[in-house]
Each structure stands twice: as structure tokens, then as C-alpha cells.
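Participant: Input structure: target-v1.cif, which contains mmCIF, C-alpha atoms.
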data_entry
loop_
_atom_site.label_atom_id
_atom_site.label_comp_id
_atom_site.auth_asym_id
_atom_site.auth_seq_id
_atom_site.Cartn_x
_atom_site.Cartn_y
_atom_site.Cartn_z
CA LYS A 23 61.99 169.58 112.56
CA GLN A 24 60.19 167.95 115.46
CA TRP A 25 58.19 165.77 113.12
CA TYR A 26 61.37 164.63 111.36
CA GLN A 27 63.17 163.94 114.65
CA ARG A 28 60.19 161.96 115.95
CA ARG A 29 60.10 159.90 112.71
CA VAL A 30 63.83 159.19 112.96
CA ALA A 31 63.39 158.11 116.59
CA ILE A 32 60.47 155.81 115.69
CA THR A 33 62.37 154.34 112.75
CA ALA A 34 65.39 153.75 114.95
CA GLY A 35 63.20 152.06 117.57
CA ILE A 36 61.57 149.81 114.99
CA THR A 37 64.95 148.94 113.53
CA ASN A 38 66.33 148.11 116.98
CA ASN A 39 63.29 145.98 117.86
CA LEU A 40 63.48 144.22 114.49
CA SER A 41 67.19 143.51 114.82
CA VAL A 42 66.67 142.16 118.36
CA ALA A 43 63.87 139.88 117.12
CA MET A 44 65.95 138.73 114.14
CA SER A 45 68.94 138.04 116.35
CA ARG A 46 66.78 135.85 118.61
CA VAL A 47 65.52 133.86 115.61
CA SER A 48 68.94 133.64 114.04
CA GLU A 49 70.53 132.61 117.36
CA ARG A 50 68.35 129.50 117.29
CA ALA A 51 68.77 128.82 113.57
CA LEU A 52 72.47 129.64 113.35
CA PRO A 53 73.78 126.58 115.22
CA VAL A 54 71.76 124.25 112.96
CA TYR A 55 72.99 126.05 109.86
CA LEU A 56 76.58 126.05 111.09
CA GLN A 57 76.39 122.39 112.01
CA THR A 58 75.08 121.53 108.54
CA LEU A 59 77.75 123.70 106.97
CA ARG A 60 80.47 121.99 109.03
CA GLN A 61 79.17 118.56 108.10
CA SER A 62 79.08 119.40 104.40
CA GLU A 63 82.59 120.90 104.58
CA ASN A 64 83.95 117.82 106.35
CA LEU A 65 82.27 115.46 103.89
CA GLY A 66 83.52 117.55 100.98
CA GLU A 67 87.08 117.36 102.29
CA GLU A 68 86.77 113.60 102.78
CA VAL A 69 85.46 113.19 99.23
CA LEU A 70 88.35 115.19 97.82
CA ALA A 71 90.88 113.27 99.92
CA ASP A 72 89.41 109.94 98.79
CA GLN A 73 89.49 111.03 95.16
CA GLN A 74 93.14 112.01 95.51
CA GLN A 75 93.92 108.68 97.15
CA VAL A 76 92.23 106.82 94.28
CA VAL A 77 94.36 108.78 91.80
CA GLU A 78 97.56 107.92 93.70
CA LEU A 79 96.64 104.24 93.97
CA ASP A 80 95.72 104.16 90.30
CA LYS A 81 99.16 105.53 89.40
CA ARG A 82 100.75 102.78 91.49
CA ARG A 83 98.52 100.20 89.84
CA GLN A 84 99.53 101.44 86.40
CA THR A 85 103.26 101.25 87.16
CA ASN A 86 102.70 97.79 88.65
CA ARG A 87 100.90 96.76 85.47
CA GLN A 88 103.85 97.99 83.41
CA ALA A 89 106.22 96.00 85.60
CA ILE A 90 104.14 92.84 85.15
CA ARG A 91 104.16 93.32 81.38
CA ALA A 92 107.92 93.90 81.34
CA VAL A 93 108.56 90.73 83.37
CA LYS A 94 106.26 88.65 81.16
CA ASN A 95 107.91 89.94 77.98
CA GLU A 96 111.31 88.85 79.23
CA GLU A 97 112.09 85.72 77.22
CA GLU A 98 114.74 84.15 79.38
CA GLN A 99 113.76 82.18 82.46
CA ARG A 100 116.40 83.61 84.75
CA ASN A 101 116.73 85.51 87.98
CA MET A 102 115.86 89.19 87.73
CA TRP A 103 117.08 92.17 89.71
CA VAL A 104 114.36 94.03 91.59
CA MET A 105 114.61 97.13 93.73
CA MET A 106 112.83 96.59 97.03
CA GLY A 107 112.98 99.62 99.27
CA ASN A 108 116.59 100.82 99.06
CA GLU A 109 118.12 97.51 98.04
CA PHE A 110 118.43 95.49 94.85
CA VAL A 111 117.46 91.85 95.21
CA LYS A 112 117.86 89.01 92.72
CA VAL A 113 114.61 87.02 92.44
CA GLU A 114 113.34 84.22 90.22
CA LYS A 115 111.04 85.34 87.42
CA LYS A 116 108.08 83.20 88.57
CA VAL A 117 108.35 84.49 92.13
CA LEU A 118 108.55 88.08 90.90
CA GLU A 119 105.47 87.60 88.71
CA SER A 120 103.49 86.20 91.63
CA TRP A 121 104.57 89.12 93.87
CA LEU A 122 103.57 91.69 91.27
CA GLU A 123 100.23 90.00 90.56
CA GLY A 124 99.53 89.82 94.29
CA ASP A 125 100.30 93.53 94.61
CA GLN A 126 97.98 94.19 91.66
CA LYS A 127 95.11 92.36 93.38
CA VAL A 128 95.68 94.28 96.62
CA LEU A 129 95.70 97.60 94.75
CA ASP A 130 92.50 96.68 92.90
CA LYS A 131 90.76 95.80 96.18
CA GLU A 132 91.90 99.04 97.84
CA ILE A 133 90.74 101.17 94.91
CA ASN A 134 87.36 99.42 94.74
CA SER A 135 86.78 99.75 98.49
CA ILE A 136 87.62 103.46 98.43
CA ARG A 137 85.32 103.97 95.44
CA ASP A 138 82.48 102.18 97.26
CA GLU A 139 82.97 104.37 100.35
CA LEU A 140 83.18 107.41 98.09
CA LYS A 141 79.73 106.71 96.67
CA HIS A 142 78.21 106.73 100.15
CA LYS A 143 80.03 109.93 101.10
CA VAL A 144 78.86 111.68 97.92
CA GLN A 145 75.31 110.49 98.63
CA ALA A 146 75.45 111.94 102.16
CA LEU A 147 76.90 115.20 100.82
CA LYS A 148 74.16 115.53 98.21
CA GLN A 149 71.52 114.88 100.88
CA LEU A 150 72.99 117.62 103.09
CA GLU A 151 72.91 120.00 100.14
CA GLY A 152 69.31 119.03 99.39
CA GLU A 153 70.07 117.62 95.94
CA GLU A 154 68.61 114.47 94.47
CA ILE A 155 70.79 111.44 93.86
CA PRO A 156 70.78 110.48 90.18
CA LYS A 157 69.24 107.16 89.22
CA GLY A 158 71.85 104.49 88.65
CA PHE A 159 74.31 106.13 91.04
CA PHE A 160 75.03 102.86 92.84
CA LEU A 161 75.38 100.64 89.77
CA ASN A 162 78.31 98.24 89.81
CA ALA A 163 80.24 96.91 86.86
CA MET A 164 79.50 93.34 85.88
CA SER A 165 82.13 90.71 86.49
CA LYS A 166 83.48 88.59 83.64
CA ASN A 167 81.64 85.54 84.96
CA SER A 168 78.31 87.37 85.11
CA LEU A 169 78.79 88.75 81.63
CA SER A 170 79.70 85.36 80.18
CA ASN A 171 76.69 83.78 81.93
CA ILE A 172 74.37 86.38 80.44
CA SER A 173 75.84 86.14 76.97
CA GLY A 174 75.66 82.35 77.23
CA GLU A 175 72.01 82.48 78.29
CA THR A 176 71.02 84.97 75.57
CA GLY A 177 72.90 82.90 73.01
CA ARG A 178 70.90 79.82 73.99
CA VAL A 179 67.65 81.75 73.94
CA THR A 180 68.27 83.17 70.47
CA GLU A 181 69.34 79.77 69.18
CA ARG A 182 66.13 78.28 70.54
CA TYR A 183 64.02 80.89 68.76
CA VAL A 184 66.01 80.70 65.55
CA ASP A 185 65.59 76.93 65.28
CA GLN A 186 61.79 77.12 65.54
#
Kindly transcribe the structure held in the file into C-alpha cells.

Facilitator:
Amino acid sequence: KQWYQRRVAITAGITNNLSVAMSRVSERALPVYLQTLRQSENLGEEVLADQQQVVELDKRRQTNRQAIRAVKNEEEQRNMWVMMGNEFVKVEKKVLESWLEGDQKVLDKEINSIRDELKHKVQALKQLEGEEIPKGFFLNAMSKNSLSNISGETGRVTERYVDQ
């Protein structure tokens, strides 16, 4: 019995010393871990909020696009009734088209700016998590002018080679 009690006492002492040593190490490492965890949680929430905002703006853009199409399909050049806020207003068709197209441009700019910010936030989140960023992550779509310039250049090049 004495041997067993002595072994239990030694084991308890080692366990206490080990837990004290581990708590000292973890006390230093815990704030860094918690800070990283907080940062990743905050970035994750911002990413989700931005994604939700893009969805909402895209819905508005789609309804605006439908309104533009409906106004353009109207054959008569007359004043049209439009609901602005809580009131109906009679507006000329050309003025209404310009308003809707202006709104469409603003919505496009907002969505694109949020998407650009979203890429940087996702990059920061992946770096905090220790993941690699995929190649081509920051690629942008080509504009119509760039695409037409490229197709024009390649067309000229192929014509040059075909003729010879």
C-alpha cells in the first residue's frame, strides 16, 4: 500500500508540475491564437455580409433591367407613370430611360467595387487560415473594347499569314 500511495503522490506531483508548465506556455500562446481567431471570425463575417450585399444589389439591378426593358418596349412616346418612394409621378419616356440607365450604372459600379473588396478580404482570410491563394484569383473580366481590340488584332494577324 505504501508503494502505491507513493506512486500516486509522485504521479499527482508530475501532473501538477506539467499542468503548471503547460498553462505558462499556453498563457503566452493563447492571446496570439485568440487574436488570430478573432481576426478570422471578423473577416469571415465581413465576407458573408459583403456577399449578401452583392446578392441584394444584384436583385435590384435585375429589377432595374426589367424596368428598362419594359420602358423600351413601350411603343408610344408618351409620359409614363412611375412610383418614386410613396408617390406616383408622370415622367417623359426619355427622361425615365435616362434615370433607369443611370441607376443601372450606379448599381454596376457598387457591385464591382464590393466584389473587388471581397477578393482582398478573402485573400486576407485565406492567409490567416494558412491556405494558399489559387492562381488566377485576381483575374478581371475583359471589357468590350479590349476584347474587340484583341479580336481585331488577331484577325489582322491571321489575314497577314493567310495571304502569304

Participant: Please report the interatomic distance between atom CA of A:Gln73 and atom CA of A:Asn167 in Å with one decimal.

Facilitator: 28.6 Å

Participant: Leaving out A:Asp138 and any residue of its chain fewer than 3 positions from it, which residues lie within 12 Å of it when counting all atoms listed in the file, given as JSON, numbers by chain?

Facilitator: {"A": [69, 72, 73, 76, 131, 132, 133, 134, 135, 141, 142, 143, 144, 145, 159, 160, 161, 162, 163]}

Participant: For the residues selected in the previous step, produce a file with C-alpha atoms as a compact mmCIF listing (two decimals), keeping the file's coordinate frame.

Facilitator:
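Okay, part.txt is ready:
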# COMPACT_ATOMS: atom_id res chain seq x y z
CA VAL A 69 85.46 113.19 99.23
CA ASP A 72 89.41 109.94 98.79
CA GLN A 73 89.49 111.03 95.16
CA VAL A 76 92.23 106.82 94.28
CA LYS A 131 90.76 95.80 96.18
CA GLU A 132 91.90 99.04 97.84
CA ILE A 133 90.74 101.17 94.91
CA ASN A 134 87.36 99.42 94.74
CA SER A 135 86.78 99.75 98.49
CA LYS A 141 79.73 106.71 96.67
CA HIS A 142 78.21 106.73 100.15
CA LYS A 143 80.03 109.93 101.10
CA VAL A 144 78.86 111.68 97.92
CA GLN A 145 75.31 110.49 98.63
CA PHE A 159 74.31 106.13 91.04
CA PHE A 160 75.03 102.86 92.84
CA LEU A 161 75.38 100.64 89.77
CA ASN A 162 78.31 98.24 89.81
CA ALA A 163 80.24 96.91 86.86

Participant: Using the chain letters and numbering of this document, enumerate as an NGL selection string the residues selected by the PyMOL selection byres ((chain A and resi 151) around 12).

Facilitator: :A and (55 or 58-63 or 65-66 or 144-150 or 152-155)

Participant: If I take atom CA of A:Asn86 and atom CA of A:Met105, how far is one from the other in Å, to one decimal?

Facilitator: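 These two atoms are separated by 13.0 Å.
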
Participant: May I ask for the distance between atom CA of A:Thr85 and atom CA of A:Glu68, given in Å to one decimal place?

Facilitator: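 For atom CA of A:Thr85 relative to atom CA of A:Glu68, the distance reads 25.9 Å.
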
Participant: Using all atoms listed in the file, which of the listed residues (A:Gln57, A:Glu119, A:Lys112, A:Ser165) sits closest to A:Lys94?

Facilitator: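 Closest candidate: A:Glu119.
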
Participant: Go through A:Leu79, A:Ile172, A:Val111, A:Leu56 one by one, measure the shortest atom-to-atom distance of each to A:Asp130 using all atoms listed in the file, and give the residue with the smallest value.

Facilitator: A:Leu79

Participant: Under the rule that all atoms listed in the file are counted, which of A:Met164, A:Val93, A:Ile136, A:Leu70 is the nearest residue to A:Val113?

Facilitator: A:Val93

Participant: Can you give me, as a list in words, the residues this file yields under the PyMOL selection byres ((chain A and resi 126) around 10)?

Facilitator: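 Listing what the PyMOL selection byres ((chain A and resi 126) around 10) selects in the shown file: Arg82, Arg83, Gln84, Thr85, Asn86, Arg87, Ile90, Ser120, Trp121, Leu122, Glu123, Gly124, Asp125, Lys127, Val128, Leu129, Asp130, Lys131 and Glu132 of chain A.
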
Participant: Can you work out which one of A:Glu114, A:Arg137, A:Asn64, A:Glu96 has the shortest atom-to-atom distance to A:Asp80, counting only C-alpha atoms?

Facilitator: A:Arg137

Participant: For the provided coordinates, the residues matched by the PyMOL selection byres ((chain A and resi 101) around 10) should be stated as a list in words.

Facilitator: Glu98, Gln99, Arg100, Met102, Trp103, Val104, Val111, Lys112, Val113, Glu114, Lys115, Lys116, Val117 and Leu118 of chain A
